[in-house]
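J.: Got a structure here, written out as structure tokens. Questions coming.
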Amino acid sequence: MIPIAKPYLTQEEAQAAYDTILTGWITQGPRVVEFEEKFAQYTGANHAVAVSNCTTALHLSMIVAGVKEGDEVICPSMSYIATANSIKYVGATPVFAEVGFDYNIDIEDVKRKITSKTKAILIVHQIGLPADIDAFSSLCKTHNLILIEDAACAIGSTYKGKKIGSHSDLVCFSFHPRKVISTGDGGMITTTNEAFANRMKLLRQHGMSVNDRVRHNSKSVIFEDHLEVGYNYRMTDIQASVGIKQLEKLDWIVEERRKIAAKYFEGFKDIPGIVLPFENEDKTTNFQSFSIYLTDECTLDRNEIMQELLDKGVASRRGIMTTHRETAYNNGSYHLPVSEKMADRSIIIPLYVPMSNEVVEKVINEIKSILLHN
Ligand SMILES: *Cc1c(COP(=O)(O)O)cnc(C)c1O
């Protein structure tokens, strides 16, 4: 069976975790600080704040952005459900906008949905493809809104020649194994705003004024105060030590993913009825996922294609979910035809590192034979 994804982990990551365990300091400590510094350096951001996962990264971003009960935040429905959940956590209302056939939030629909209650716009760099950050950034300036980027999938992608993470004040990343690099679970927020960074560092550790590492290293007795009601959203040093090793490999991993994607583009180039992910001069993707969209010209049933692939030993996944149709959100008030179509007519196919030529060929050939012989 050819899996849909596989994290690239080696002896080095295992050794790093092993070494950290033997230091005796296993929760947030020196390795987290090192990972943050290296992550900020990699993305070109001023500050990086490590947390337990991308969902908590988004939650802290909502808090420091000042999003509260009664506010609205515009985001795509077609995203992983955590995007919208982070808005709910602060008592605000997610307002779902459409996406385009580039998988990203549609700015024209966002403009239509801005009201006096809108506080922020949460864009998602879906499957690693950057949204048009500058356009959203200037829209936010015009309407005095805060821009938040859900970059869970987009580590190593670029926008206008710079890495995702360096363009705005609140950019949230994930290190779940389904993403391009992994720490088991884990998240990071990059920001240019020092006050945001400091407040998020407080909030991730119970609002504690002095962290335990500072107390541990202090020559005099110091007592902490709890400055506000915080959370336990810490990343552990074990995770961070794995993350440091993963970060060293990231550019290579992205390069390898792009080589595999190039073979897919070549292999699928003459097949009618499908649209492949596209980049332009402003954007490069890490190909966190490789998605195939089936147009109206393709008369096959998406789920049947997936079953046929599975029967032939090739795993696939349905396209990205739409949040407004999930039970937790489905109040019947939304109809987002493009998002629904994209979600129902897309197939995510295997892409991981390393992936041999034979395996890539098999995926291409099985998909081609299903799509061409119907
Ligand atoms: C994976 C993902 C998340 C959640 O990330 P976790 O680290 O698992 O919390 C949020 N948003 C998007 C777009 C994702 O793909």
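By order in the structure tokens, chains are A, B, ...; within a chain, residues start at 1; ligands start at 1, following the order shown.
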From the DSSP assignment of the backbone, select every residue of stretch 185-330 of chain A that is strand (DSSP E or B), and format the answer as a list in words.
T.: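 Restricting stretch 185-330 of chain A to strand (DSSP E or B) produces Gly187, Met188, Ile189, Thr190, Thr191, Gln205, Met208, His226, Asn232, Ile274, Val275, Asn280, Lys283, Thr284, Phe290, Ser291, Ile292, Tyr293, Leu294, Val314, Arg317, Arg318 and Thr322 of chain A.
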J.: Which residues are near ligand 1 in this structure, taking near to mean any atom at most 8 Å from a ligand atom and counting only C-alpha atoms and all ligand atoms? Format them as a list in words.
T.: Ser52, Asn53, Cys54, Thr55, Thr56, Ala57, Leu58, Ser79, Tyr80, Ile81, Ala82, Thr83, Val124, His125, Gln126, Ile127, Asp150, Ala151, Ala152, Cys153, Phe173, Ser174, Phe175, His176, Arg178, Lys179, Asp185, Gly186 and Gly187 of chain A
J.: Got time to write the residues from that selection, C-alpha atoms, as an mmCIF file, in the first residue's frame?
T.:
```
data_model
loop_
_atom_site.group_PDB
_atom_site.id
_atom_site.type_symbol
_atom_site.label_atom_id
_atom_site.label_comp_id
_atom_site.auth_asym_id
_atom_site.auth_seq_id
_atom_site.Cartn_x
_atom_site.Cartn_y
_atom_site.Cartn_z
ATOM 1 C CA SER A 52 1.747 22.840 21.724
ATOM 2 C CA ASN A 53 0.147 22.836 18.243
ATOM 3 C CA CYS A 54 -1.191 25.134 15.532
ATOM 4 C CA THR A 55 -4.686 25.226 17.041
ATOM 5 C CA THR A 56 -3.318 26.756 20.249
ATOM 6 C CA ALA A 57 -1.123 29.061 18.118
ATOM 7 C CA LEU A 58 -4.294 30.329 16.429
ATOM 8 C CA SER A 79 -10.086 24.496 5.708
ATOM 9 C CA TYR A 80 -9.339 22.149 8.526
ATOM 10 C CA ILE A 81 -11.967 22.775 11.245
ATOM 11 C CA ALA A 82 -9.322 24.104 13.702
ATOM 12 C CA THR A 83 -9.205 27.344 11.689
ATOM 13 C CA VAL A 124 -5.194 30.062 5.188
ATOM 14 C CA HIS A 125 -2.294 29.066 2.938
ATOM 15 C CA GLN A 126 -4.146 25.961 1.896
ATOM 16 C CA ILE A 127 -2.147 22.781 1.150
ATOM 17 C CA ASP A 150 -3.047 30.105 9.226
ATOM 18 C CA ALA A 151 0.197 28.744 7.796
ATOM 19 C CA ALA A 152 -0.242 25.268 9.317
ATOM 20 C CA CYS A 153 0.627 23.714 5.953
ATOM 21 C CA PHE A 173 2.459 26.951 11.886
ATOM 22 C CA SER A 174 1.849 23.269 12.649
ATOM 23 C CA PHE A 175 4.279 20.409 13.216
ATOM 24 C CA HIS A 176 1.653 17.654 13.068
ATOM 25 C CA ARG A 178 0.697 15.400 8.235
ATOM 26 C CA LYS A 179 2.618 18.645 7.650
ATOM 27 C CA ASP A 185 2.562 17.598 17.659
ATOM 28 C CA GLY A 186 3.683 21.191 17.897
ATOM 29 C CA GLY A 187 3.092 24.725 16.710
#
```
J.: Per DSSP on the backbone, filter stretch 170-356 of chain A down to the residues in alpha helix (DSSP H) and report them as JSON, numbers by chain.
T.: {"A": [194, 195, 196, 197, 198, 199, 200, 201, 202, 203, 212, 213, 214, 215, 216, 217, 237, 238, 239, 240, 241, 242, 243, 244, 245, 246, 247, 248, 249, 250, 251, 252, 253, 254, 255, 256, 257, 258, 259, 260, 261, 262, 263, 264, 265, 266, 267, 302, 303, 304, 305, 306, 307, 308, 309, 310, 311, 337, 338, 339, 340, 341, 342, 343, 344]}
J.: Give me a file of those residues, with C-alpha atoms, as a short mmCIF file (atom, residue, chain, number, x, y, z; two decimals), in the first residue's frame.
T.:
```cif
data_model
loop_
_atom_site.label_atom_id
_atom_site.label_comp_id
_atom_site.auth_asym_id
_atom_site.auth_seq_id
_atom_site.Cartn_x
_atom_site.Cartn_y
_atom_site.Cartn_z
CA GLU A 194 7.47 42.25 20.22
CA ALA A 195 4.51 43.00 22.49
CA PHE A 196 2.55 40.18 20.82
CA ALA A 197 5.48 37.80 21.28
CA ASN A 198 5.89 38.66 24.96
CA ARG A 199 2.19 38.30 25.72
CA MET A 200 1.97 34.95 23.93
CA LYS A 201 4.97 33.70 25.92
CA LEU A 202 3.09 34.60 29.11
CA LEU A 203 -0.21 33.10 27.97
CA ASP A 212 10.63 28.05 35.50
CA ARG A 213 13.89 28.11 33.55
CA VAL A 214 14.68 31.61 34.85
CA ARG A 215 13.85 30.52 38.42
CA HIS A 216 15.96 27.39 38.00
CA ASN A 217 19.00 29.41 36.91
CA ASP A 237 12.11 20.34 24.94
CA ILE A 238 11.85 16.79 23.58
CA GLN A 239 9.65 18.06 20.73
CA ALA A 240 11.84 21.13 20.17
CA SER A 241 15.00 19.03 19.88
CA VAL A 242 13.29 17.03 17.12
CA GLY A 243 12.11 20.27 15.52
CA ILE A 244 15.66 21.68 15.39
CA LYS A 245 16.80 18.64 13.38
CA GLN A 246 13.73 18.80 11.14
CA LEU A 247 14.35 22.47 10.43
CA GLU A 248 17.88 21.69 9.21
CA LYS A 249 16.36 19.33 6.63
CA LEU A 250 13.42 21.53 5.65
CA ASP A 251 14.84 23.13 2.49
CA TRP A 252 15.94 19.74 1.22
CA ILE A 253 12.54 18.20 2.03
CA VAL A 254 10.77 21.00 0.16
CA GLU A 255 13.11 20.57 -2.81
CA GLU A 256 12.40 16.82 -2.90
CA ARG A 257 8.64 17.42 -2.62
CA ARG A 258 8.82 19.86 -5.52
CA LYS A 259 10.70 17.29 -7.64
CA ILE A 260 7.96 14.72 -7.02
CA ALA A 261 5.28 17.31 -7.82
CA ALA A 262 7.11 18.09 -11.08
CA LYS A 263 6.82 14.41 -12.05
CA TYR A 264 3.09 14.55 -11.31
CA PHE A 265 2.68 17.65 -13.48
CA GLU A 266 4.48 15.89 -16.30
CA GLY A 267 2.54 12.64 -15.82
CA ARG A 302 -14.81 11.13 -6.94
CA ASN A 303 -15.39 8.55 -4.21
CA GLU A 304 -15.40 5.70 -6.73
CA ILE A 305 -12.04 6.87 -8.06
CA MET A 306 -10.72 6.82 -4.50
CA GLN A 307 -12.03 3.29 -3.95
CA GLU A 308 -10.51 2.06 -7.22
CA LEU A 309 -7.18 3.57 -6.22
CA LEU A 310 -7.36 1.90 -2.83
CA ASP A 311 -8.12 -1.44 -4.50
CA PRO A 337 -20.94 26.55 -4.02
CA VAL A 338 -17.27 26.87 -5.00
CA SER A 339 -16.01 25.60 -1.63
CA GLU A 340 -18.46 22.71 -1.70
CA LYS A 341 -17.47 21.77 -5.21
CA MET A 342 -13.75 22.01 -4.44
CA ALA A 343 -14.19 19.84 -1.34
CA ASP A 344 -16.35 17.24 -3.09
#
```
J.: Excluding same-chain residues fewer than 6 positions from stretch 110-123 of chain A, what lies within 10 Å of it counting only C-alpha atoms, as a ChimeraX atom specification?
T.: /A:58,62,65-68,70-76,79,83-84,87,92-99,104,130-133,136-137,139-140,143-151,170-171
J.: Kindly save the residues from that selection, with N, CA and C atoms included, as a short mmCIF file (atom, residue, chain, number, x, y, z; two decimals), in the first residue's frame.
T.:
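The result, stored in again-v8.cif:
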```
data_model
loop_
_atom_site.label_atom_id
_atom_site.label_comp_id
_atom_site.auth_asym_id
_atom_site.auth_seq_id
_atom_site.Cartn_x
_atom_site.Cartn_y
_atom_site.Cartn_z
N LEU A 58 -3.21 29.49 16.95
CA LEU A 58 -4.29 30.33 16.43
C LEU A 58 -5.09 30.95 17.58
N MET A 62 -5.64 34.95 18.29
CA MET A 62 -6.94 35.62 18.45
C MET A 62 -6.93 36.49 19.70
N ALA A 65 -4.67 39.54 19.27
CA ALA A 65 -5.26 40.43 18.26
C ALA A 65 -6.46 41.18 18.86
N GLY A 66 -6.88 40.79 20.06
CA GLY A 66 -7.98 41.49 20.72
C GLY A 66 -9.35 41.05 20.23
N VAL A 67 -9.43 39.86 19.62
CA VAL A 67 -10.73 39.36 19.14
C VAL A 67 -11.54 38.87 20.34
N LYS A 68 -12.78 39.35 20.44
CA LYS A 68 -13.61 39.05 21.62
C LYS A 68 -15.02 38.67 21.21
N GLY A 70 -18.70 38.79 20.35
CA GLY A 70 -19.42 39.81 19.58
C GLY A 70 -18.71 40.21 18.30
N ASP A 71 -17.40 39.90 18.23
CA ASP A 71 -16.64 40.21 17.01
C ASP A 71 -16.87 39.16 15.94
N GLU A 72 -16.61 39.55 14.71
CA GLU A 72 -16.62 38.60 13.60
C GLU A 72 -15.21 38.49 13.01
N VAL A 73 -14.87 37.28 12.62
CA VAL A 73 -13.59 37.06 11.93
C VAL A 73 -13.91 36.32 10.62
N ILE A 74 -13.45 36.88 9.53
CA ILE A 74 -13.71 36.25 8.23
C ILE A 74 -12.62 35.23 7.93
N CYS A 75 -13.03 34.02 7.56
CA CYS A 75 -12.07 32.95 7.23
C CYS A 75 -12.71 32.04 6.18
N PRO A 76 -11.92 31.21 5.54
CA PRO A 76 -12.54 30.27 4.59
C PRO A 76 -13.25 29.15 5.34
N SER A 79 -11.35 24.58 4.98
CA SER A 79 -10.09 24.50 5.71
C SER A 79 -10.26 23.42 6.74
N THR A 83 -9.24 25.94 12.09
CA THR A 83 -9.21 27.34 11.69
C THR A 83 -10.39 28.08 12.31
N ALA A 84 -11.59 27.59 12.07
CA ALA A 84 -12.80 28.24 12.60
C ALA A 84 -12.92 28.07 14.11
N ILE A 87 -11.55 30.76 16.36
CA ILE A 87 -12.36 31.99 16.46
C ILE A 87 -13.44 31.79 17.53
N ALA A 92 -15.96 34.68 19.53
CA ALA A 92 -16.29 35.43 18.33
C ALA A 92 -16.96 34.51 17.30
N THR A 93 -17.43 35.11 16.22
CA THR A 93 -18.16 34.36 15.20
C THR A 93 -17.34 34.24 13.92
N PRO A 94 -17.08 33.01 13.46
CA PRO A 94 -16.44 32.88 12.15
C PRO A 94 -17.45 33.22 11.05
N VAL A 95 -17.03 34.03 10.12
CA VAL A 95 -17.86 34.36 8.96
C VAL A 95 -17.16 33.73 7.76
N PHE A 96 -17.83 32.77 7.13
CA PHE A 96 -17.16 31.97 6.10
C PHE A 96 -17.21 32.63 4.73
N ALA A 97 -16.03 32.75 4.14
CA ALA A 97 -15.93 33.27 2.78
C ALA A 97 -15.61 32.12 1.83
N GLU A 98 -15.88 32.36 0.57
CA GLU A 98 -15.59 31.39 -0.48
C GLU A 98 -14.09 31.26 -0.74
N VAL A 99 -13.73 30.20 -1.43
CA VAL A 99 -12.37 30.07 -1.94
C VAL A 99 -12.42 30.12 -3.46
N ASN A 104 -7.50 28.98 -2.28
CA ASN A 104 -7.38 30.00 -1.25
C ASN A 104 -8.58 30.93 -1.19
N PRO A 130 0.50 29.67 -1.00
CA PRO A 130 0.28 30.95 -0.32
C PRO A 130 -0.92 31.72 -0.88
N ALA A 131 -1.71 32.27 0.03
CA ALA A 131 -2.77 33.22 -0.36
C ALA A 131 -2.07 34.54 -0.70
N ASP A 132 -2.83 35.47 -1.28
CA ASP A 132 -2.24 36.75 -1.70
C ASP A 132 -2.12 37.69 -0.49
N ILE A 133 -1.04 37.53 0.27
CA ILE A 133 -0.88 38.23 1.56
C ILE A 133 -0.98 39.75 1.40
N PHE A 136 -4.53 41.06 1.03
CA PHE A 136 -5.29 41.00 2.29
C PHE A 136 -4.74 42.00 3.30
N SER A 137 -3.44 42.18 3.27
CA SER A 137 -2.81 43.13 4.18
C SER A 137 -3.32 44.55 3.92
N LEU A 139 -6.14 45.34 2.39
CA LEU A 139 -7.57 45.36 2.73
C LEU A 139 -7.76 45.56 4.25
N CYS A 140 -6.92 44.88 5.03
CA CYS A 140 -6.99 45.02 6.49
C CYS A 140 -6.65 46.44 6.92
N HIS A 143 -9.60 48.83 6.33
CA HIS A 143 -10.75 48.67 7.22
C HIS A 143 -10.35 48.56 8.69
N ASN A 144 -9.08 48.83 8.99
CA ASN A 144 -8.58 48.75 10.37
C ASN A 144 -8.83 47.37 11.00
N LEU A 145 -8.45 46.34 10.27
CA LEU A 145 -8.62 44.96 10.75
C LEU A 145 -7.25 44.33 10.97
N ILE A 146 -7.24 43.26 11.74
CA ILE A 146 -5.99 42.53 11.95
C ILE A 146 -5.94 41.34 11.02
N LEU A 147 -4.77 41.12 10.43
CA LEU A 147 -4.57 39.97 9.55
C LEU A 147 -3.90 38.85 10.34
N ILE A 148 -4.47 37.66 10.27
CA ILE A 148 -3.85 36.48 10.88
C ILE A 148 -3.68 35.45 9.76
N GLU A 149 -2.51 34.80 9.74
CA GLU A 149 -2.25 33.78 8.72
C GLU A 149 -2.25 32.39 9.36
N ASP A 150 -3.11 31.52 8.86
CA ASP A 150 -3.05 30.11 9.23
C ASP A 150 -2.10 29.46 8.21
N ALA A 151 -0.84 29.31 8.66
CA ALA A 151 0.20 28.74 7.80
C ALA A 151 0.54 27.33 8.25
N LEU A 170 0.98 37.95 12.71
CA LEU A 170 0.57 36.72 13.40
C LEU A 170 0.47 35.58 12.39
N VAL A 171 1.51 34.75 12.35
CA VAL A 171 1.55 33.65 11.38
C VAL A 171 1.70 32.34 12.17
#
```
J.: Record the distance separating atom CA of A:Val314 and atom CA of A:Lys368, expressed in Å with one decimal.
T.: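 For atom CA of A:Val314 relative to atom CA of A:Lys368, the distance reads 12.7 Å.
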